[in-house]
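Below is one structure; the comments refer to it alone.
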Amino acid sequence: MNSVNWKTHPCIRRHPANPVLSAKDVPYPAMLVFNAGVTKYQGRYVMVFRNDYGEVEKKKITGRNLGLAWSRDGVTWEVAREPLNGDPEHPLARAYDPRLTVLEGRVYMSFAISNHGTCAGVAVTDDFEKWEILNVSVPDNRNMVIFPERIGGKIVRLERPFAGYLRPGDRFDMWLSTSPDGRFWGESRVVLATYQVPWVNNKVGPGAPPVKTEKGWLTVFHGVDIDLSRHWGWEGNWNKRYCAGLALLDLKEPWRVIGLMREPLIVPEPEIACEAKGYRDYVIFPGGLVVEDDGRVKIYYGAADTVECLAEADLEELLRLCEQPPEVPLKG
Ligand code: BMA
């Protein structure tokens with residue numbers, strides 16, 4: 001399949017300080033600092049980021065951990081001196097791609113973890129030191145995000161299972177599950193399928209935890225197009241492009257997509273070096289969405305699986321971009 005040269009929507013303002021976090025800001029061994037979860041907690045911004053470390057000259061990854069950082073303005077970050085899960089016995093020792101949600105005053109972190117396949121899990125903390133793991137899925141699942149309030153009395157998450165068996169090619173869709181307590185999850189159903197998103201031919205998955213607006217749950221997701229003629233990235237065999245997409249979910253029935261932007265919102269572009277060149281070229285991997293009181297929205301995203309970036313937009317403009325429901329309905 002041939003690639004289309006999509007462009008980032010003009011409402012997006014990439015922050016001039018990009019990348020807002022990279023390996024040089026981290027006071028312990030670090031090489032790829034990316035795919036962070038970001039939220040506001042007790043008056044500050046907090047970030048948990050993925051750090052893959054290793055031999056920089058050889059471009060070889062030897063391990064990974066999660067880092068913790070705080071900020072007053074959402075742009076300049078102070079990184080904690082130690083990784084959050086540095087002890088190999090830590091229950092989150094192999095977790096990656098974290099997302100953060102404040103729900104009922106506590107911080108929930110969803111994450112991926114490799115454990116006899118790729119699983120996704122949910123943990124909760126009050127101080128970023130003690131973590132209680134509430135749930136780890138069966139394989140294969142990834143990219144969970146928790147909504148910031150209960151809906152119909154339930155905790156709700158979006159997720160991206162790997163529904164590969166007997167399906168043509170990789171076709172990974174976005175799903176939703178609910179839980180009374182964060183431990184037991186069910187009522188699972190598909191929310192957005194790859195065939196509904198015109199610019200995707202590979203997978204769609206949750207990006208940042210949704211944000212509540214008057215019109216619906218604003219949701220930034222990742223969408224992937226694959227082109228076998230690409231030879232990108234450090235390993236020279238990367239052929240996927242990850243863009244950020246935008247959707248609006250019904251407030252009471254969040255498995256219903258009531259608005260879908262027809263084109264990608266943020267596209268990794270050749271002239272933006274930190275998005276175009278890295279461990280994996282052309283990857284925008286959104287993981288945090290913060291709406292400010294003045295209606296400005298901060299979108300945090302991992303770029304090229306190498307650094308963490310920030311873009312801003314206005315809430316009203318984002319909502320205008322997803323006024324139409326998907327053209328293609330979900331197949332029954
Ligand atoms: C996904 C995950 C992410 C990564 C993305 C792009 O499958 O591995 O951690 O950012 O691919 O490489």
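Chain labels follow the order of the structure tokens: the first chain is A, the next B, and so on; residue numbering restarts at 1 in every chain, and ligands are counted from 1 in their shown order.
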
Residues near Pro329 in chain A, cut-off 10 Å, only C-alpha atoms, skip fewer than 4 positions along chain, as a list in words: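 The contact residues come out as Leu192, Ala193, Tyr195, Gln196, Val257 and Pro325 of chain A.
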
Would you save the residues of that selection, restricted to all heavy atoms, as a JSON list (two decimals), in the first residue's frame?
```
[["chain", "number", "residue", "atom", "x", "y", "z"],
["A", 192, "LEU", "N", -13.93, 1.43, 18.19],
["A", 192, "LEU", "CA", -13.52, 2.02, 16.90],
["A", 192, "LEU", "C", -12.65, 0.99, 16.19],
["A", 192, "LEU", "O", -11.65, 0.53, 16.73],
["A", 192, "LEU", "CB", -12.73, 3.31, 17.15],
["A", 192, "LEU", "CG", -12.29, 4.10, 15.92],
["A", 192, "LEU", "CD1", -13.50, 4.69, 15.18],
["A", 192, "LEU", "CD2", -11.35, 5.25, 16.33],
["A", 193, "ALA", "N", -13.06, 0.65, 14.97],
["A", 193, "ALA", "CA", -12.33, -0.37, 14.22],
["A", 193, "ALA", "C", -11.45, 0.29, 13.16],
["A", 193, "ALA", "O", -11.75, 1.39, 12.69],
["A", 193, "ALA", "CB", -13.32, -1.32, 13.54],
["A", 195, "TYR", "N", -11.14, -0.21, 10.08],
["A", 195, "TYR", "CA", -11.79, 0.10, 8.79],
["A", 195, "TYR", "C", -12.66, 1.35, 8.86],
["A", 195, "TYR", "O", -13.12, 1.85, 7.84],
["A", 195, "TYR", "CB", -12.61, -1.10, 8.27],
["A", 195, "TYR", "CG", -13.66, -1.61, 9.23],
["A", 195, "TYR", "CD1", -14.86, -0.93, 9.42],
["A", 195, "TYR", "CD2", -13.44, -2.76, 9.97],
["A", 195, "TYR", "CE1", -15.82, -1.39, 10.30],
["A", 195, "TYR", "CE2", -14.40, -3.24, 10.85],
["A", 195, "TYR", "CZ", -15.58, -2.54, 11.02],
["A", 195, "TYR", "OH", -16.53, -3.00, 11.91],
["A", 196, "GLN", "N", -12.88, 1.88, 10.06],
["A", 196, "GLN", "CA", -13.67, 3.11, 10.17],
["A", 196, "GLN", "C", -12.82, 4.38, 10.03],
["A", 196, "GLN", "O", -13.36, 5.47, 9.90],
["A", 196, "GLN", "CB", -14.36, 3.16, 11.53],
["A", 196, "GLN", "CG", -15.41, 2.08, 11.72],
["A", 196, "GLN", "CD", -16.07, 2.25, 13.07],
["A", 196, "GLN", "OE1", -15.51, 1.95, 14.11],
["A", 196, "GLN", "NE2", -17.27, 2.79, 13.05],
["A", 257, "VAL", "N", -18.90, 6.07, 19.33],
["A", 257, "VAL", "CA", -18.12, 7.18, 18.76],
["A", 257, "VAL", "C", -19.12, 8.14, 18.11],
["A", 257, "VAL", "O", -19.77, 7.78, 17.12],
["A", 257, "VAL", "CB", -17.11, 6.67, 17.71],
["A", 257, "VAL", "CG1", -16.31, 7.83, 17.13],
["A", 257, "VAL", "CG2", -16.17, 5.65, 18.33],
["A", 325, "PRO", "N", -20.06, 11.81, 12.96],
["A", 325, "PRO", "CA", -19.77, 10.43, 13.37],
["A", 325, "PRO", "C", -19.01, 9.70, 12.26],
["A", 325, "PRO", "O", -18.97, 10.18, 11.13],
["A", 325, "PRO", "CB", -21.17, 9.82, 13.58],
["A", 325, "PRO", "CG", -22.08, 10.67, 12.78],
["A", 325, "PRO", "CD", -21.48, 12.05, 12.71]]
```

query: If you count only C-alpha atoms, which residues fall within 7 Å of Lys240 in chain A, apart from same-chain ones fewer than 3 positions away, as a list in words?
result: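 So the residues in contact are Val224, Asp225, Ile226 and Asp227 of chain A.
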
Just write the chosen residues, all heavy atoms, as a PDB file, in the first residue's frame.
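Just written: selection20.pdb:
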```pdb
ATOM      1  N   VAL A 224      -2.308   3.715  12.694  1.00  0.00           N
ATOM      2  CA  VAL A 224      -1.078   3.260  12.044  1.00  0.00           C
ATOM      3  C   VAL A 224      -1.348   2.914  10.591  1.00  0.00           C
ATOM      4  O   VAL A 224      -2.318   2.224  10.280  1.00  0.00           O
ATOM      5  CB  VAL A 224      -0.527   2.014  12.776  1.00  0.00           C
ATOM      6  CG1 VAL A 224       0.793   1.565  12.163  1.00  0.00           C
ATOM      7  CG2 VAL A 224      -0.370   2.283  14.270  1.00  0.00           C
ATOM      8  N   ASP A 225      -0.476   3.415   9.713  1.00  0.00           N
ATOM      9  CA  ASP A 225      -0.496   2.918   8.337  1.00  0.00           C
ATOM     10  C   ASP A 225       0.843   2.249   8.050  1.00  0.00           C
ATOM     11  O   ASP A 225       1.885   2.662   8.543  1.00  0.00           O
ATOM     12  CB  ASP A 225      -0.839   4.016   7.326  1.00  0.00           C
ATOM     13  CG  ASP A 225       0.254   5.041   7.147  1.00  0.00           C
ATOM     14  OD1 ASP A 225       0.398   5.906   8.023  1.00  0.00           O
ATOM     15  OD2 ASP A 225       0.972   4.965   6.128  1.00  0.00           O
ATOM     16  N   ILE A 226       0.742   1.197   7.293  1.00  0.00           N
ATOM     17  CA  ILE A 226       1.919   0.379   7.006  1.00  0.00           C
ATOM     18  C   ILE A 226       2.184   0.455   5.506  1.00  0.00           C
ATOM     19  O   ILE A 226       1.249   0.539   4.708  1.00  0.00           O
ATOM     20  CB  ILE A 226       1.658  -1.066   7.502  1.00  0.00           C
ATOM     21  CG1 ILE A 226       2.889  -1.928   7.431  1.00  0.00           C
ATOM     22  CG2 ILE A 226       0.521  -1.735   6.788  1.00  0.00           C
ATOM     23  CD1 ILE A 226       2.750  -3.195   8.262  1.00  0.00           C
ATOM     24  N   ASP A 227       3.459   0.465   5.164  1.00  0.00           N
ATOM     25  CA  ASP A 227       3.851   0.506   3.750  1.00  0.00           C
ATOM     26  C   ASP A 227       5.142  -0.308   3.652  1.00  0.00           C
ATOM     27  O   ASP A 227       6.178   0.079   4.192  1.00  0.00           O
ATOM     28  CB  ASP A 227       4.071   1.971   3.347  1.00  0.00           C
ATOM     29  CG  ASP A 227       4.525   2.111   1.897  1.00  0.00           C
ATOM     30  OD1 ASP A 227       5.082   1.148   1.342  1.00  0.00           O
ATOM     31  OD2 ASP A 227       4.338   3.201   1.339  1.00  0.00           O
TER      32      ASP A 227
END
```

Option closest in space to Gly287 in chain A, from A:Leu310, A:Val124, A:Leu260, A:Cys119 [counting only C-alpha atoms]: A:Leu310

Cut-off 8 Å: closest range 254-321 of chain A/range 18-36 of chain A atom pairs per residue, using only C-alpha atoms, as JSON lines:
```
{"residue": "A:Cys274", "atom": "CA", "partner": "A:Pro19", "partner_atom": "CA", "distance": 7.2}
{"residue": "A:Tyr279", "atom": "CA", "partner": "A:Leu32", "partner_atom": "CA", "distance": 7.9}
{"residue": "A:Phe285", "atom": "CA", "partner": "A:Asn35", "partner_atom": "CA", "distance": 6.2}
{"residue": "A:Pro286", "atom": "CA", "partner": "A:Asn35", "partner_atom": "CA", "distance": 7.1}
{"residue": "A:Gly287", "atom": "CA", "partner": "A:Ala36", "partner_atom": "CA", "distance": 5.8}
{"residue": "A:Gly288", "atom": "CA", "partner": "A:Ala36", "partner_atom": "CA", "distance": 7.2}
{"residue": "A:Tyr300", "atom": "CA", "partner": "A:Ala36", "partner_atom": "CA", "distance": 7.5}
{"residue": "A:Tyr301", "atom": "CA", "partner": "A:Asn35", "partner_atom": "CA", "distance": 6.2}
{"residue": "A:Gly302", "atom": "CA", "partner": "A:Asn35", "partner_atom": "CA", "distance": 4.3}
{"residue": "A:Ala303", "atom": "CA", "partner": "A:Phe34", "partner_atom": "CA", "distance": 6.8}
{"residue": "A:Asp305", "atom": "CA", "partner": "A:Phe34", "partner_atom": "CA", "distance": 5.8}
{"residue": "A:Thr306", "atom": "CA", "partner": "A:Leu32", "partner_atom": "CA", "distance": 4.4}
{"residue": "A:Val307", "atom": "CA", "partner": "A:Phe34", "partner_atom": "CA", "distance": 4.7}
{"residue": "A:Glu308", "atom": "CA", "partner": "A:Phe34", "partner_atom": "CA", "distance": 4.8}
{"residue": "A:Cys309", "atom": "CA", "partner": "A:Pro19", "partner_atom": "CA", "distance": 4.6}
{"residue": "A:Leu310", "atom": "CA", "partner": "A:Asn18", "partner_atom": "CA", "distance": 6.5}
```

message: Report, in Å with one decimal, the straight-line distance from CA of Phe147 in chain A to CA of Glu82 in chain A.
response: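 A separation of 28.6 Å between them.
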
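Each of A:Ala123, A:Ala304, A:Ala311, A:Leu100 was checked against ligand 1 using only C-alpha atoms and all ligand atoms; the smallest atom-to-atom distance is that of A:Ala304.
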
task: Could you find all residues in range 215-305 of chain A that DSSP calls strand (DSSP E or B) from the backbone, and write them as a PyMOL selection string?
output: chain A and resi 217-226+232+238+240-249+257-260+266+283-291+296-303

field: Computed interatomic separation between CA of Met261 in chain A and CA of Ser3 in chain A (Å)
entry: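 It comes out at 19.0 Å.
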
- prompt: Mind checking DSSP for range 234-303 of chain A and telling me the alpha helix (DSSP H) residues as an MDAnalysis selection string?
  reply: chainID A and resid 273:276

Given the selection you just returned, output its residues as a file containing C-alpha atoms, formatted as a JSON list (two decimals), in the first residue's frame.
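Output (selection_14.json):
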```json
[["chain", "number", "residue", "atom", "x", "y", "z"],
["A", 273, "ALA", "CA", 13.64, 15.99, 12.89],
["A", 274, "CYS", "CA", 12.71, 14.57, 16.31],
["A", 275, "GLU", "CA", 9.57, 12.96, 14.86],
["A", 276, "ALA", "CA", 11.08, 11.78, 11.60]]
```

message: Just checking: using only C-alpha atoms and all ligand atoms, which residue out of A:Gly205, A:Gly74, A:Gly86, A:Gly43 ends up closest to ligand 1?
response: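 Looking at the shortest contact to ligand 1, the residue is A:Gly205.
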
- prompt: Distance CA of Gly164 in chain A-CA of Asp140 in chain A, one decimal place?
  reply: 9.4 Å

Contact residues around Val211 in chain A with only C-alpha atoms at 8 Å, ignoring same-chain residues under 3 positions, as a VMD selection string: chain A and resid 147 to 148 217 to 219 289 to 291

Preceding selection exported with C-alpha atoms as a PDB file, in the first residue's frame:
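Written out: again.pdb:
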```pdb
ATOM      1  CA  PHE A 147     -11.385   7.484  32.135  1.00  0.00           C
ATOM      2  CA  PRO A 148     -11.081  10.174  34.837  1.00  0.00           C
ATOM      3  CA  TRP A 217     -15.246  12.467  25.868  1.00  0.00           C
ATOM      4  CA  LEU A 218     -12.459  13.909  23.767  1.00  0.00           C
ATOM      5  CA  THR A 219     -10.091  11.137  22.815  1.00  0.00           C
ATOM      6  CA  LEU A 289      -4.035  15.188  27.283  1.00  0.00           C
ATOM      7  CA  VAL A 290      -4.445  18.119  29.665  1.00  0.00           C
ATOM      8  CA  VAL A 291      -7.132  20.798  29.220  1.00  0.00           C
TER       9      VAL A 291
END
```

query: So, counting only C-alpha atoms, which residue among A:Arg50, A:His231, A:Arg157, A:Arg99 is closest to Ala208 in chain A?
result: A:Arg99
